[in-house]
There are 2 protein chains.
Amino acid sequence: MKLVAEIFSQGEELVGGQIVDTNAAWLSGQLLELGFRVSRHTAVGDDLAALTALFSEIAGRADCCICTGGLGPTLDDLTAEAVSLATGLSLEFDLQAWEQIQSYFGCRSRPTPASNRKQALLPATALRIDNPVGTAPGFALCYQRCWFVFLPGVPAEMQAMYLTSIKPLLMARFVLEPDCLVTFKSIGIGESAIQQALHDLQLPAEVQLGFRAGINEVQTKLLFPAGFAEPVKQALIAQTAALIGDYVFAIDGVDGIQGDLLDVIDRQMQHHRYSLAVLETLTQGLLSSQCLGKSWLRSADIAVDLPRLVEKWQIVLDAEHLEAAATELAGMMHRCYHTDLVLVQLYVGPENHFQDRRQAVVLYNALYDGETVMTAQHRVAGTPQQKQNQATQLTLDLLRRFLQNRCP
Amino acid sequence: MKLVAEIFSQGEELVGGQIVDTNAAWLSGQLLELGFRVSRHTAVGDDLAALTALFSEIAGRADCCICTGGLGPTLDDLTAEAVSLATGLSLEFDLQAWEQIQSYFGCRSRPTPASNRKQALLPATALRIDNPVGTAPGFALCYQRCWFVFLPGVPAEMQAMYLTSIKPLLMARFVLEPDCLVTFKSIGIGESAIQQALHDLQLPAEVQLGFRAGINEVQTKLLFPAGFAEPVKQALIAQTAALIGDYVFAIDGVDGIQGDLLDVIDRQMQHHRYSLAVLETLTQGLLSSQCLGKSWLRSADIAVDLPRLVEKWQIVLDAEHLEAAATELAGMMHRCYHTDLVLVQLYVGPENHFQDRRQAVVLYNALYDGETVMTAQHRVAGTPQQKQNQATQLTLDLLRRFLQNRCP
């Protein structure tokens, strides 16, 4: 039998519908991967009686519960108080927590507000969980059957604290037999096309196949139960990857986590010490902004306006001459910026097609390495923001294909 | 006392973390607007015993519960069966439901699968809720204190059925008095500083004050009960806005919804027919990318590298000369791009301070309108992505302040 976990989220903004609880799904995925069965998600507002009752309910039916939210400095942050009421543990001032809160404000040259002192009050005997990103420390304690972990509700803080502190603690504390989840991450191919490509894949009954379409990638998942024969598993993984083809940019769960498309690109760019210049049109800076901190990006140009681009570089830009225009621009940029690689993004389609979510525009990408030009053409559809997102990924994907094909 | 509602979501893919439950937030927003208090969200997987127990729990504590999911044709869709077990009502074949299911397949020229017959089995005495979009009909019934509504989990089907059938039924069935929520949205001031600024605000006990810190803005909320005296309400809103000061860029709930910072800027820019050129440094394209589709953005420059910026424009860039450099750059860009407004973003701080989340960098923004330069200086801290996000908002906020102060 698997150990049972629950996720509990606190916040009036959750039950009031102002924000969607993405923490619960993220934490569930993490706990599932460790080998827990997640049986329930619960969210309640800032209501002391409801919180207290819920902690006692969960304490009797789960082995582990991760709680998010309600650790802030304001009056409506009631988690620690509710834990104290439910468990009978008094709240005690934690000097180290207080020093960390003060140093958070100190390095921002702001005085620590008196109200933040409340965040240093933790239930007696609780284990403090440091927050490297924000002000609210978390904490963990045992209550009846259940090990409770309390983390802030801000996703970036919660995730950082889970990964650095909670995950290792869970692995040390519980005997877990995790299933093995292998995730094939692809770009440029849809969920149904993948499903068709995998039509002839013969999976044993105990291996689960699943799909998840995100904004930036489509994930194909194989879930192998603990103890599944390793050679059969490896063969199934290889077969699945081959059937989906070179749309797959990363496979997670075989040699750890390979990250997202940019992580894959970053490793290759650093390995080869390549430098890059980029020209963005449709994506208007989104691609460059995602490369923040990558020192291989040496130059980024944005054309907010195609007519001006045409005038500035003296190119012909229409559906018939896309390839020539992209090739010419790539060459001019290469002479101008002296980088190893140049990535040029162009698109055509009337302006109203770009704004209209029912219309597609033609995206044309070119990558020049000083000798040859590699190109790719796509149709991107949806709202302007969806087109922008898709185009960012597809343009980056041309760079990924160049790096994976040319430099193995 | 307000009537209490709960939201209940069923699906293994929810507790497994494969999908985020957006239905719960959407339904909460709808119910809140009608005047319910939403006290709890719960999600469980496809587990008959857990479902049955949960229905009985909710039946004793809520006046209304909207349940989504578990109405499909497959074996793991257990909602009707669990309702039958919990309430003792037998499942009966609903001929009209069956005819609708058959017509759904008929008009797609597909034979109705035998498995879909299960979707026409509804608890005796339940009110059938027709599904104009998909195959699964919903249903509603009273069990103990609570009126339960069961809808499919597919968001488009659920939303269509809620709006056309459930909302009118709720308004007819319950006597509801909606509250009035007023939200002050601010940038550049933290939650605790706002709390201190509001220290002397005298709020009647029935008005609730709340806060929410997002990535891009901090929200201060006043919740007025139904029937609260209008002049007192207006005075409290004005007083709150004045105490927080010009960090407030929008107030929602007085004249509808004003949107986010960019919406506020967009309306002003369009109204005055201003054009804008932008130079981004720290944010590396994020600001421009967020202005996608805004025709007033005429030119966007990104400097990925401060030394090259210095060389290209021949400016001196260090902590002592930030103001002079920004002013000079703004003037040069104005002569170059001929836009009404020029927005320049600079920062200083060693490169390792930018990468190090414990270190802050100094952000310096300048807005030039052809005559005078308006400037603002901030310290931004956190991970590189957090610095990038903050800086994007703070740079845009200088434009917002110019627009709101100069052109009322």
# chains A, B, ... in the order shown; residues from 1 in each chain; ligands from 1
>>> calpha_fit_rmsd(fixed="chain A", moving="chain B")
5.1 Å
>>> interface_residues(of="chain B", to="chain A", cutoff="7 Å", atoms="only C-alpha atoms", output="PyMOL selection string")
chain B and resi 14-20+22+25-26+28-29+32+38-45+192+283-286+288-289+292+298-302+304+359-360+379+381-382
>>> closest_residue(among="B:Ile265, B:Ile58, B:Leu317, B:Ile257", to="Thr395 of chain B", atoms="only C-alpha atoms")
B:Ile265
>>> select_by_dssp(residues="segment 127-296 of chain B", states="alpha helix (DSSP H)", output="ChimeraX atom specification")
/B:155-161,167-173,191-197,230-244,261-272,286-290
>>> atom_distance(atom1="atom CA of Leu89 of chain B", atom2="atom CA of Pro123 of chain B")
5.7 Å
>>> select_by_dssp(residues="segment 22-221 of chain B", states="strand (DSSP E)", output="count of residues only")
51
>>> residues_around(residues="Leu243 of chain B", least_positions_apart="6", cutoff="9 Å", atoms="only C-alpha atoms", output="JSON, numbers by chain")
{"B": [194, 197, 198, 201]}
>>> residues_around(residues="Leu394 of chain A", least_positions_apart="6", cutoff="9 Å", atoms="only C-alpha atoms", output="JSON, numbers by chain")
{"A": [187, 188, 363, 365, 376, 378]}
>>> residues_around(residues="Glu371 of chain A", least_positions_apart="4", cutoff="12 Å", atoms="only C-alpha atoms", output="CSV table (one decimal) with N, CA, C and O atoms, in the first residue's frame")
chain,number,residue,atom,x,y,z
A,327,THR,N,17.6,34.8,-45.3
A,327,THR,CA,19.0,34.5,-45.6
A,327,THR,C,19.9,35.8,-45.7
A,327,THR,O,21.0,35.8,-45.2
A,330,ALA,N,20.2,37.4,-42.3
A,330,ALA,CA,21.2,36.6,-41.4
A,330,ALA,C,22.6,37.0,-41.8
A,330,ALA,O,23.5,37.2,-40.9
A,331,GLY,N,22.9,37.1,-43.1
A,331,GLY,CA,24.2,37.4,-43.6
A,331,GLY,C,24.6,38.8,-43.1
A,331,GLY,O,25.7,39.0,-42.6
A,334,HIS,N,25.3,38.8,-39.4
A,334,HIS,CA,26.6,38.1,-39.1
A,334,HIS,C,27.8,39.1,-39.4
A,334,HIS,O,28.7,39.1,-38.5
A,340,ASP,N,29.1,33.8,-33.6
A,340,ASP,CA,29.2,32.5,-34.3
A,340,ASP,C,27.9,32.2,-35.0
A,340,ASP,O,27.9,31.6,-36.1
A,341,LEU,N,26.8,32.4,-34.4
A,341,LEU,CA,25.5,32.1,-34.9
A,341,LEU,C,24.6,33.3,-35.0
A,341,LEU,O,24.7,34.2,-34.1
A,342,VAL,N,23.7,33.3,-36.0
A,342,VAL,CA,22.7,34.4,-36.1
A,342,VAL,C,21.3,33.7,-36.3
A,342,VAL,O,21.2,32.8,-37.1
A,367,LEU,N,18.6,30.1,-39.3
A,367,LEU,CA,19.8,30.1,-38.5
A,367,LEU,C,21.0,30.0,-39.4
A,367,LEU,O,21.1,29.1,-40.2
>>> atom_distance(atom1="atom CA of Leu261 of chain B", atom2="atom CA of Thr281 of chain B")
20.3 Å
>>> decode(residues="segment 48-77 of chain A", atoms="N, CA, C and O atoms", output="mmCIF file, in the first residue's frame")
data_model
loop_
_atom_site.group_PDB
_atom_site.id
_atom_site.type_symbol
_atom_site.label_atom_id
_atom_site.label_comp_id
_atom_site.auth_asym_id
_atom_site.auth_seq_id
_atom_site.Cartn_x
_atom_site.Cartn_y
_atom_site.Cartn_z
ATOM 1 N N LEU A 48 -10.286 30.840 11.166
ATOM 2 C CA LEU A 48 -9.535 30.109 12.184
ATOM 3 C C LEU A 48 -10.202 28.782 12.557
ATOM 4 O O LEU A 48 -9.539 27.749 12.652
ATOM 5 N N ALA A 49 -11.531 28.808 12.730
ATOM 6 C CA ALA A 49 -12.226 27.585 13.155
ATOM 7 C C ALA A 49 -12.141 26.513 12.071
ATOM 8 O O ALA A 49 -11.869 25.340 12.354
ATOM 9 N N ALA A 50 -12.332 26.924 10.804
ATOM 10 C CA ALA A 50 -12.280 25.956 9.706
ATOM 11 C C ALA A 50 -10.877 25.363 9.584
ATOM 12 O O ALA A 50 -10.715 24.152 9.380
ATOM 13 N N LEU A 51 -9.853 26.226 9.708
ATOM 14 C CA LEU A 51 -8.466 25.753 9.609
ATOM 15 C C LEU A 51 -8.158 24.748 10.705
ATOM 16 O O LEU A 51 -7.589 23.679 10.445
ATOM 17 N N THR A 52 -8.539 25.078 11.911
ATOM 18 C CA THR A 52 -8.230 24.221 13.053
ATOM 19 C C THR A 52 -8.902 22.859 12.890
ATOM 20 O O THR A 52 -8.278 21.811 13.072
ATOM 21 N N ALA A 53 -10.186 22.876 12.515
ATOM 22 C CA ALA A 53 -10.920 21.619 12.331
ATOM 23 C C ALA A 53 -10.286 20.771 11.229
ATOM 24 O O ALA A 53 -10.136 19.553 11.360
ATOM 25 N N LEU A 54 -9.863 21.440 10.164
ATOM 26 C CA LEU A 54 -9.304 20.719 9.036
ATOM 27 C C LEU A 54 -7.982 20.046 9.388
ATOM 28 O O LEU A 54 -7.723 18.908 8.975
ATOM 29 N N PHE A 55 -7.128 20.744 10.165
ATOM 30 C CA PHE A 55 -5.859 20.126 10.556
ATOM 31 C C PHE A 55 -6.138 18.839 11.325
ATOM 32 O O PHE A 55 -5.468 17.830 11.115
ATOM 33 N N SER A 56 -7.129 18.856 12.194
ATOM 34 C CA SER A 56 -7.431 17.661 12.984
ATOM 35 C C SER A 56 -7.979 16.541 12.099
ATOM 36 O O SER A 56 -7.629 15.374 12.274
ATOM 37 N N GLU A 57 -8.841 16.880 11.134
ATOM 38 C CA GLU A 57 -9.344 15.885 10.180
ATOM 39 C C GLU A 57 -8.196 15.194 9.446
ATOM 40 O O GLU A 57 -8.103 13.973 9.398
ATOM 41 N N ILE A 58 -7.332 16.029 8.856
ATOM 42 C CA ILE A 58 -6.246 15.495 8.029
ATOM 43 C C ILE A 58 -5.291 14.660 8.874
ATOM 44 O O ILE A 58 -4.797 13.614 8.432
ATOM 45 N N ALA A 59 -5.059 15.117 10.119
ATOM 46 C CA ALA A 59 -4.118 14.418 11.008
ATOM 47 C C ALA A 59 -4.510 12.958 11.193
ATOM 48 O O ALA A 59 -3.657 12.105 11.435
ATOM 49 N N GLY A 60 -5.807 12.666 11.082
ATOM 50 C CA GLY A 60 -6.273 11.298 11.299
ATOM 51 C C GLY A 60 -6.279 10.433 10.058
ATOM 52 O O GLY A 60 -6.435 9.221 10.153
ATOM 53 N N ARG A 61 -6.146 11.029 8.875
ATOM 54 C CA ARG A 61 -6.316 10.192 7.690
ATOM 55 C C ARG A 61 -5.144 10.198 6.706
ATOM 56 O O ARG A 61 -5.115 9.406 5.776
ATOM 57 N N ALA A 62 -4.140 11.085 6.867
ATOM 58 C CA ALA A 62 -3.016 11.119 5.925
ATOM 59 C C ALA A 62 -1.698 10.881 6.646
ATOM 60 O O ALA A 62 -1.581 11.116 7.851
ATOM 61 N N ASP A 63 -0.704 10.397 5.895
ATOM 62 C CA ASP A 63 0.635 10.213 6.456
ATOM 63 C C ASP A 63 1.458 11.477 6.329
ATOM 64 O O ASP A 63 2.414 11.696 7.070
ATOM 65 N N CYS A 64 1.093 12.296 5.348
ATOM 66 C CA CYS A 64 1.852 13.513 5.112
ATOM 67 C C CYS A 64 0.903 14.546 4.519
ATOM 68 O O CYS A 64 0.008 14.198 3.731
ATOM 69 N N CYS A 65 1.067 15.800 4.918
ATOM 70 C CA CYS A 65 0.238 16.847 4.329
ATOM 71 C C CYS A 65 1.113 18.063 4.084
ATOM 72 O O CYS A 65 1.828 18.512 4.982
ATOM 73 N N ILE A 66 1.086 18.568 2.864
ATOM 74 C CA ILE A 66 1.806 19.802 2.573
ATOM 75 C C ILE A 66 0.787 20.929 2.513
ATOM 76 O O ILE A 66 -0.197 20.853 1.761
ATOM 77 N N CYS A 67 1.016 21.946 3.334
ATOM 78 C CA CYS A 67 0.081 23.070 3.433
ATOM 79 C C CYS A 67 0.763 24.318 2.878
ATOM 80 O O CYS A 67 1.922 24.577 3.182
ATOM 81 N N THR A 68 0.050 25.077 2.079
ATOM 82 C CA THR A 68 0.633 26.319 1.564
ATOM 83 C C THR A 68 -0.246 27.501 1.934
ATOM 84 O O THR A 68 -1.465 27.386 2.009
ATOM 85 N N GLY A 69 0.411 28.636 2.148
ATOM 86 C CA GLY A 69 -0.319 29.882 2.380
ATOM 87 C C GLY A 69 -0.556 30.170 3.849
ATOM 88 O O GLY A 69 -0.369 29.312 4.717
ATOM 89 N N GLY A 70 -0.896 31.424 4.128
ATOM 90 C CA GLY A 70 -1.254 31.816 5.490
ATOM 91 C C GLY A 70 -0.069 32.067 6.400
ATOM 92 O O GLY A 70 -0.208 32.135 7.611
ATOM 93 N N LEU A 71 1.140 32.207 5.812
ATOM 94 C CA LEU A 71 2.337 32.453 6.632
ATOM 95 C C LEU A 71 2.800 33.906 6.560
ATOM 96 O O LEU A 71 3.849 34.246 7.090
ATOM 97 N N GLY A 72 2.049 34.756 5.912
ATOM 98 C CA GLY A 72 2.459 36.145 5.735
ATOM 99 C C GLY A 72 2.395 36.952 7.015
ATOM 100 O O GLY A 72 2.051 36.428 8.074
ATOM 101 N N PRO A 73 2.733 38.253 6.910
ATOM 102 C CA PRO A 73 2.817 39.083 8.109
ATOM 103 C C PRO A 73 1.485 39.702 8.530
ATOM 104 O O PRO A 73 1.409 40.340 9.565
ATOM 105 N N THR A 74 0.424 39.538 7.723
ATOM 106 C CA THR A 74 -0.780 40.314 8.007
ATOM 107 C C THR A 74 -1.771 39.541 8.888
ATOM 108 O O THR A 74 -1.634 38.346 9.119
ATOM 109 N N LEU A 75 -2.765 40.266 9.344
ATOM 110 C CA LEU A 75 -3.733 39.738 10.301
ATOM 111 C C LEU A 75 -4.476 38.521 9.780
ATOM 112 O O LEU A 75 -4.912 37.666 10.537
ATOM 113 N N ASP A 76 -4.667 38.474 8.442
ATOM 114 C CA ASP A 76 -5.437 37.362 7.897
ATOM 115 C C ASP A 76 -4.575 36.116 7.644
ATOM 116 O O ASP A 76 -5.038 35.149 7.076
ATOM 117 N N ASP A 77 -3.319 36.162 8.050
ATOM 118 C CA ASP A 77 -2.454 34.984 7.940
ATOM 119 C C ASP A 77 -2.518 34.205 9.242
ATOM 120 O O ASP A 77 -1.904 34.589 10.233
#
